[in-house]
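**Q** I'd like to ask you about the structure that follows.
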Amino acid sequence: MAKIRIYQLAKELEMSNEELLKILDDMGVAYKSHASTLEEDTAQAVKELIGEQRVAEAARRAEEARKAIPPRPPVVVIMGHVDHGKTSLLDYLRKSRIAEKEAGGITQHVGAFEVKTEGGTVVFIDTPGHEAFTTIRQRGAKVADIAVIVIAATEGVMPQTKEAIAHAKASGAKIIYAANKMDLPGADINRVYQDLMQMGIVPVAYGGDAEVLPISAKTGQGIPELLETILLIAELEDLRADPKAEAQGVILESRMDKQAGALVSLLVQQGTLRVGDYVVAGEHWGKIRAMSDADGKRRSEAGPGSAVQVLGFSELPVAGETFFWVPDQVAAKEITEERIEERRARESQAEAGRTRNLADLMRRMRESEQKEINLILRADTQGSLEAIQNILSKESGDEVKVNVLLAAVGAPSESDVLLASTAHGAILSFNVNPSGSVRKMAEQKGVPLQSFRVIYELIDEIRRMVKGQREPVFKEEVLGTAEVRAIFKLSRGTVAGCMVTTGRITRNADIRVLRKGKEVWRGKIESLRRLKDDVREVSQGFECGVMLEGFADFQEGDILEASQRVEVTAG
Ligand SMILES: Nc1nc2c(ncn2[C@@H]2O[C@H](COP(=O)(O)OP(=O)(O)OP(=O)(O)O)[C@@H](O)[C@H]2O)c(=O)[nH]1
């Protein structure tokens, strides 16, 4: 930057000459008038100073605006190993709130309930376990701010405790550990401490920052302290929500009732939902006709942190879907229709884009410039897990970080697949084989799942992932060709009546339309039929009807060439 006069700089910085002169005075810069020239580095220093001041001012305003938004209650989910007392804890909490009300008060299940204490209100998600929680997370919604991991102090950390911790961590929720069943003679909080430390989680009692609280879901011992800790963490998290904003939140549950119709439970996270409002959730919309809360009371409005059951959806939205307010029916219809169309388009591409193996995952990571590899490790023994993790810790580099979401003994489970699918990760197993149903689920959800028998093969695979050496190489394999013999214009589109002249045509093949040897179009098949039936493939010598996605200008004599991309396994 060359020399500049003060009034020019003031203009450039969009400020008055007086303001700039004042700043120059503060900086001790000498000048005669606003027409004086500034040295290049002085002008630069002024610019930087003003830049900084403006950033600070914007941050201050943003903070002020945030502080003007009222606090909201924390939302808590309870997770843990089977039989460690999740349901009992929820029951205790639910009862303690009912006891405060008049006897005989009705309660209804609306997916979440509030517990009011002197220190504030806490909202508990009413379904124990991490399946429900993960289904919600799968759709991208963050519902719980805090996860309470229940660990029976009679047993200590068990396999599902680890899974629950992994799920909670992946969701970004703050975690509190509740050592339960402390009323039993066999309970030992030290066992819980030790087990957690083995996982690298250091309890406050040992100088770490993991809150581990002794409780009994049976006697209620320690539960007030648990609630206090939840509220303390909530305060530190400074959770806020604007009741004046447009309502939005998460669908917690939905079911069809023979008499009432669609019963949908939802949690309002922002804004205030009112009877008469229109909302969209996923591909469905509703006009709220009535709302009721966990006490069975009719509500005309529900603010942030309220869980309510609503009437007014004609079809069931999926649990975990986020919902949001829209102004009217026109908007509701248009948005849901758009979404349905988008999904259809995605589905037809899904076949091609689905992650099938680690190489696919790598490619996707590179495309999205993801710098972390999320892994779930499963092995036959604790010893082999430790060995793998030891080597792994040396592989994690600056460029790509290997993030182990869960390392556990035993075969990969369906819950692992959910976790990997939400975190866009892969499951690697050593000396343990996933069951058929787990494999199938992984396939459906596009989660790479690979088993190894030799530790070093597993490590090599990860090394390749880290170094990005596993650039997949594809080649195009021609499956067959078909000749267009007749063209039918139907209401649903144009169908090319074809004869398969060589090889075969498959439903999900890539198609090139060749006219006089030249490619005129390239894309996918919309529908492939033999006689009246949708088929997956048609072989040489048979006739078929083909509709293409986005191409209808067939001419008799056009050749459809079907091919598929196959991965050439690099050495
Ligand atoms: N003595 C004692 N028993 C408890 C306590 N908490 C739970 N139990 C008992 O432990 C058993 C399992 O408790 P649940 O609350 O059903 O455990 P859960 O974790 O919800 O189990 P699942 O729903 O099967 O995953 C029940 O028999 C409870 O009565 C406790 O603090 N003290």
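Residues are named by chain letter and number: chains run A, B, ... in the order of the structure tokens, numbers start at 1 in each chain, and ligands are numbered from 1 in the order shown.
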Determine, counting only C-alpha atoms, which protein, DNA and RNA residues have an atom within 12 Å of an atom of Glu556 of chain A; residues of the same chain fewer than 6 positions away are not included. Present the result as number ranges by chain.
**A** A: 482-488, 495-499, 513-516
**Q** Once you have the residues from the selection above, write them out as an mmCIF file, in the first residue's frame, restricted to C-alpha atoms.
**A**
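Here's the written file again.cif:
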data_model
loop_
_atom_site.group_PDB
_atom_site.id
_atom_site.type_symbol
_atom_site.label_atom_id
_atom_site.label_comp_id
_atom_site.auth_asym_id
_atom_site.auth_seq_id
_atom_site.Cartn_x
_atom_site.Cartn_y
_atom_site.Cartn_z
ATOM 1 C CA ALA A 482 -29.544 -52.758 -26.351
ATOM 2 C CA GLU A 483 -31.020 -51.294 -29.485
ATOM 3 C CA VAL A 484 -33.989 -48.944 -29.435
ATOM 4 C CA ARG A 485 -36.679 -50.474 -31.680
ATOM 5 C CA ALA A 486 -39.764 -48.433 -30.751
ATOM 6 C CA ILE A 487 -40.618 -45.329 -28.755
ATOM 7 C CA PHE A 488 -43.688 -44.995 -26.547
ATOM 8 C CA VAL A 495 -40.245 -45.449 -22.805
ATOM 9 C CA ALA A 496 -37.721 -46.889 -25.230
ATOM 10 C CA GLY A 497 -38.745 -50.341 -26.407
ATOM 11 C CA CYS A 498 -35.414 -52.130 -26.711
ATOM 12 C CA MET A 499 -33.892 -55.451 -27.724
ATOM 13 C CA VAL A 513 -27.025 -43.419 -25.342
ATOM 14 C CA LEU A 514 -25.109 -43.793 -28.605
ATOM 15 C CA ARG A 515 -26.400 -42.414 -31.855
ATOM 16 C CA LYS A 516 -24.456 -43.309 -34.949
#
**Q** May I have the residues within 8 Å of segment 7-19 of chain A as an mmCIF file with N, CA and C atoms, in the first residue's frame, using only C-alpha atoms and disregarding those fewer than 2 positions away in the same chain?
**A**
data_model
loop_
_atom_site.group_PDB
_atom_site.id
_atom_site.type_symbol
_atom_site.label_atom_id
_atom_site.label_comp_id
_atom_site.auth_asym_id
_atom_site.auth_seq_id
_atom_site.Cartn_x
_atom_site.Cartn_y
_atom_site.Cartn_z
ATOM 1 N N ILE A 4 -0.969 7.471 1.853
ATOM 2 C CA ILE A 4 -2.390 7.804 1.679
ATOM 3 C C ILE A 4 -2.715 9.030 2.523
ATOM 4 N N ARG A 5 -3.614 9.873 2.016
ATOM 5 C CA ARG A 5 -4.011 11.041 2.818
ATOM 6 C C ARG A 5 -5.063 10.606 3.839
ATOM 7 N N LEU A 21 -9.037 11.236 12.992
ATOM 8 C CA LEU A 21 -8.052 12.134 13.612
ATOM 9 C C LEU A 21 -7.915 11.822 15.102
ATOM 10 N N LYS A 22 -9.057 11.489 15.714
ATOM 11 C CA LYS A 22 -9.040 11.173 17.145
ATOM 12 C C LYS A 22 -8.171 9.919 17.388
ATOM 13 N N ILE A 23 -8.354 8.931 16.521
ATOM 14 C CA ILE A 23 -7.578 7.696 16.664
ATOM 15 C C ILE A 23 -6.086 7.992 16.468
ATOM 16 N N HIS A 34 -6.514 17.083 8.018
ATOM 17 C CA HIS A 34 -7.022 15.807 7.477
ATOM 18 C C HIS A 34 -6.494 15.565 6.060
ATOM 19 N N ALA A 35 -5.801 16.576 5.507
ATOM 20 C CA ALA A 35 -5.240 16.375 4.168
ATOM 21 C C ALA A 35 -3.808 15.868 4.246
ATOM 22 N N ALA A 43 -0.384 3.949 8.146
ATOM 23 C CA ALA A 43 -1.729 3.666 7.629
ATOM 24 C C ALA A 43 -2.099 2.209 7.891
ATOM 25 N N LYS A 47 -5.174 0.717 10.126
ATOM 26 C CA LYS A 47 -6.156 -0.247 9.599
ATOM 27 C C LYS A 47 -6.301 -1.451 10.517
#
**Q** Measuring between only C-alpha atoms, which one of A:Met441, A:Glu414, A:Ala379, A:Glu283 shows the shortest distance to Arg339 of chain A?
**A**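 Smallest separation from Arg339 of chain A among the options: A:Glu283.
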**Q** Of the candidates A:Ala345, A:Ile149, A:Ala294, A:Ala426, which one gets nearest to ligand 1 if we count only C-alpha atoms and all ligand atoms?
**A** A:Ile149
**Q** Quick one: residues within 7 Å of segment 297-312 of chain A, only C-alpha atoms counted, chain neighbours fewer than 5 positions away excluded, as JSON, numbers by chain?
**A** {"A": [72, 73, 110, 111, 112, 113, 123, 241, 243, 262, 263, 264, 265, 266, 267, 268, 269, 270, 271, 272, 273, 274, 275, 286, 287, 288, 289, 290, 291, 292]}
**Q** Atoms to include: N, CA, C and O atoms. Write the selected residues as a short mmCIF file (atom, residue, chain, number, x, y, z; two decimals), in the first residue's frame.
**A**
data_model
loop_
_atom_site.label_atom_id
_atom_site.label_comp_id
_atom_site.auth_asym_id
_atom_site.auth_seq_id
_atom_site.Cartn_x
_atom_site.Cartn_y
_atom_site.Cartn_z
N ARG A 72 -32.50 -21.76 29.24
CA ARG A 72 -33.48 -22.83 29.06
C ARG A 72 -33.05 -24.03 29.89
O ARG A 72 -31.87 -24.15 30.23
N PRO A 73 -33.99 -24.91 30.23
CA PRO A 73 -33.60 -26.07 31.05
C PRO A 73 -32.74 -27.05 30.25
O PRO A 73 -32.90 -27.15 29.03
N VAL A 110 -45.13 -38.42 27.13
CA VAL A 110 -44.98 -37.53 25.98
C VAL A 110 -43.53 -37.51 25.50
O VAL A 110 -43.13 -36.61 24.78
N GLY A 111 -42.76 -38.52 25.94
CA GLY A 111 -41.40 -38.62 25.42
C GLY A 111 -40.35 -37.95 26.29
O GLY A 111 -39.17 -38.24 26.18
N ALA A 112 -40.79 -37.05 27.16
CA ALA A 112 -39.86 -36.40 28.06
C ALA A 112 -40.66 -35.83 29.22
O ALA A 112 -41.86 -35.62 29.09
N PHE A 113 -40.02 -35.65 30.36
CA PHE A 113 -40.74 -35.02 31.47
C PHE A 113 -39.81 -34.08 32.22
O PHE A 113 -38.59 -34.19 32.13
N VAL A 123 -35.06 -31.39 32.15
CA VAL A 123 -35.94 -32.18 31.28
C VAL A 123 -35.27 -33.52 31.02
O VAL A 123 -34.11 -33.56 30.58
N ALA A 241 -32.34 -20.29 25.05
CA ALA A 241 -33.22 -20.44 23.88
C ALA A 241 -34.19 -19.28 23.88
O ALA A 241 -34.66 -18.85 24.94
N PRO A 243 -37.63 -17.74 23.43
CA PRO A 243 -39.04 -18.16 23.30
C PRO A 243 -39.77 -17.38 22.21
O PRO A 243 -40.83 -17.79 21.76
N ALA A 262 -52.90 -39.44 14.43
CA ALA A 262 -51.45 -39.38 14.67
C ALA A 262 -51.17 -38.66 15.99
O ALA A 262 -51.55 -37.52 16.18
N LEU A 263 -50.50 -39.37 16.90
CA LEU A 263 -50.09 -38.77 18.16
C LEU A 263 -48.59 -38.56 18.10
O LEU A 263 -47.83 -39.51 17.99
N VAL A 264 -48.19 -37.33 18.14
CA VAL A 264 -46.77 -37.03 17.95
C VAL A 264 -46.23 -36.31 19.19
O VAL A 264 -46.79 -35.31 19.62
N SER A 265 -45.15 -36.87 19.78
CA SER A 265 -44.52 -36.20 20.91
C SER A 265 -43.33 -35.44 20.40
O SER A 265 -42.54 -35.97 19.63
N LEU A 266 -43.21 -34.23 20.85
CA LEU A 266 -42.06 -33.46 20.41
C LEU A 266 -41.50 -32.60 21.52
O LEU A 266 -42.17 -32.30 22.50
N LEU A 267 -40.24 -32.26 21.33
CA LEU A 267 -39.56 -31.40 22.30
C LEU A 267 -39.30 -30.07 21.62
O LEU A 267 -38.69 -30.02 20.56
N VAL A 268 -39.80 -29.01 22.24
CA VAL A 268 -39.56 -27.68 21.67
C VAL A 268 -38.17 -27.23 22.13
O VAL A 268 -37.88 -27.25 23.32
N GLN A 269 -37.29 -26.89 21.18
CA GLN A 269 -35.94 -26.48 21.57
C GLN A 269 -35.75 -24.96 21.47
O GLN A 269 -34.92 -24.40 22.15
N GLN A 270 -36.48 -24.35 20.58
CA GLN A 270 -36.39 -22.91 20.35
C GLN A 270 -37.79 -22.39 20.15
O GLN A 270 -38.62 -23.09 19.60
N GLY A 271 -38.02 -21.15 20.50
CA GLY A 271 -39.29 -20.53 20.18
C GLY A 271 -40.46 -21.09 20.98
O GLY A 271 -40.26 -21.85 21.93
N THR A 272 -41.65 -20.70 20.58
CA THR A 272 -42.85 -21.17 21.28
C THR A 272 -43.81 -21.73 20.23
O THR A 272 -44.11 -21.06 19.25
N LEU A 273 -44.25 -22.95 20.50
CA LEU A 273 -45.19 -23.59 19.59
C LEU A 273 -46.60 -23.34 20.10
O LEU A 273 -46.85 -23.48 21.31
N ARG A 274 -47.51 -22.96 19.20
CA ARG A 274 -48.87 -22.63 19.64
C ARG A 274 -49.90 -23.44 18.87
O ARG A 274 -49.65 -23.83 17.72
N VAL A 275 -51.03 -23.68 19.51
CA VAL A 275 -52.12 -24.34 18.81
C VAL A 275 -52.49 -23.47 17.61
O VAL A 275 -52.55 -22.24 17.73
N GLY A 286 -47.99 -30.67 9.68
CA GLY A 286 -49.22 -30.74 10.43
C GLY A 286 -49.65 -29.36 10.86
O GLY A 286 -48.85 -28.43 10.88
N LYS A 287 -50.94 -29.24 11.16
CA LYS A 287 -51.43 -28.01 11.77
C LYS A 287 -51.81 -28.40 13.19
O LYS A 287 -52.66 -29.29 13.38
N ILE A 288 -51.14 -27.78 14.16
CA ILE A 288 -51.34 -28.20 15.54
C ILE A 288 -52.79 -27.93 15.97
O ILE A 288 -53.20 -26.78 16.06
N ARG A 289 -53.52 -29.02 16.22
CA ARG A 289 -54.92 -28.85 16.64
C ARG A 289 -55.04 -28.80 18.16
O ARG A 289 -55.90 -28.12 18.71
N ALA A 290 -54.17 -29.62 18.82
CA ALA A 290 -54.22 -29.62 20.29
C ALA A 290 -52.87 -30.07 20.82
O ALA A 290 -52.14 -30.77 20.12
N MET A 291 -52.57 -29.64 22.03
CA MET A 291 -51.32 -30.05 22.67
C MET A 291 -51.62 -30.43 24.11
O MET A 291 -52.46 -29.80 24.75
N SER A 292 -50.89 -31.44 24.60
CA SER A 292 -51.02 -31.73 26.03
C SER A 292 -49.65 -32.11 26.57
O SER A 292 -48.79 -32.57 25.82
#
**Q** Tell me, counting only C-alpha atoms and all ligand atoms, for each residue of chain A within 7 Å of ligand 1, which pair of atoms is nearest and how far apart they are in Å to one decimal, in rows ordered by chain and increasing number, as CSV.
**A**
residue,atom,partner,partner_atom_place_in_ligand_line,distance
A:Gly80,CA,ligand 1,19 (O),6.3
A:His81,CA,ligand 1,19 (O),6.0
A:Val82,CA,ligand 1,25 (O),3.5
A:Asp83,CA,ligand 1,21 (O),3.4
A:His84,CA,ligand 1,19 (O),4.1
A:Gly85,CA,ligand 1,15 (O),3.3
A:Lys86,CA,ligand 1,20 (O),3.8
A:Thr87,CA,ligand 1,20 (O),3.5
A:Ser88,CA,ligand 1,15 (O),3.6
A:Leu89,CA,ligand 1,15 (O),6.4
A:Pro128,CA,ligand 1,20 (O),6.5
A:Gly129,CA,ligand 1,25 (O),6.6
A:Asn180,CA,ligand 1,31 (O),5.1
A:Lys181,CA,ligand 1,31 (O),3.3
A:Met182,CA,ligand 1,31 (O),6.1
A:Asp183,CA,ligand 1,32 (N),5.6
A:Leu184,CA,ligand 1,1 (N),5.3
A:Ile215,CA,ligand 1,31 (O),6.6
A:Ser216,CA,ligand 1,31 (O),3.4
A:Ala217,CA,ligand 1,31 (O),3.7
A:Lys218,CA,ligand 1,31 (O),4.3
A:Thr219,CA,ligand 1,31 (O),6.7
**Q** Report, in Å with one decimal, the straight-line distance from atom CA of Thr322 of chain A to atom CA of Leu232 of chain A.
**A**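 Interatomic distance, atom CA of Thr322 of chain A to atom CA of Leu232 of chain A: 27.4 Å.
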**Q** Tell me, as a PyMOL selection string, which residues lie within 8 Å of Glu549 of chain A, counting only C-alpha atoms; anything in the same chain fewer than 5 positions away does not count.
**A** chain A and resi 523-526
**Q** Work out how far atom CA of Ala423 of chain A is from atom CA of Gly172 of chain A, in Å to one decimal.
**A**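 Rounded to one decimal, the two atoms are 11.4 Å apart.
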**Q** Report, in Å to a single decimal, how far apart atom CA of Ile69 of chain A and atom CA of Asp242 of chain A are.
**A**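 Result for atom CA of Asp242 of chain A versus atom CA of Ile69 of chain A: 5.3 Å, one decimal.
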**Q** Here is a test: counting only C-alpha atoms, which residue of A:Gly545, A:Ala58, A:Ser314, A:Val326 is nearest to Lys532 of chain A?
**A**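 Among A:Gly545, A:Ala58, A:Ser314, A:Val326, it is A:Gly545 that comes nearest to Lys532 of chain A.
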**Q** Could you give me the residues within segment 325-569 of chain A that DSSP places in strand (DSSP E), as a PyMOL selection string?
**A** chain A and resi 325-326+372-379+401-409+426-430+449-452+473-490+493-506+510-515+518-530+533-534+537-539+543-548+559-568
**Q** Of the candidates A:Cys544, A:Ile251, A:Ala411, A:Leu560, which shows the shortest atom-to-atom distance to Gly480 of chain A, using only C-alpha atoms?
**A**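 Residue with the minimum atom-to-atom distance to Gly480 of chain A: A:Leu560.
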**Q** Run DSSP on the backbone and tell me which residues of segment 9-51 of chain A come out as helix (DSSP H, G or I); list them as a list of chain:residue names.
**A**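 So, restricting segment 9-51 of chain A to helix (DSSP H, G or I), we get A:Leu9, A:Ala10, A:Lys11, A:Glu12, A:Asn17, A:Glu18, A:Glu19, A:Leu20, A:Leu21, A:Lys22, A:Ile23, A:Leu24, A:Asp25, A:Asp26, A:Met27, A:Glu40, A:Asp41, A:Thr42, A:Ala43, A:Gln44, A:Ala45, A:Val46, A:Lys47, A:Glu48, A:Leu49, A:Ile50, A:Gly51.
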**Q** Would you pick out the contacts of Ala509 of chain A at 7 Å or less, using only C-alpha atoms, so that residues sharing its chain but fewer than 5 positions from it are not included, and give the list as a list in words?
**A**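 Listing them by chain and then by number gives Lys524, Ala562, Ser563 and Gln564 of chain A.
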**Q** Do a neighbour search on segment 476-479 of chain A at 10 Å with only C-alpha atoms, toss out local chain neighbours closer than 4 positions, and write the hits as JSON, numbers by chain.
**A** {"A": [502, 503, 504, 505, 506, 509, 510, 511, 539, 561, 562, 563, 564, 565, 566, 567, 568]}
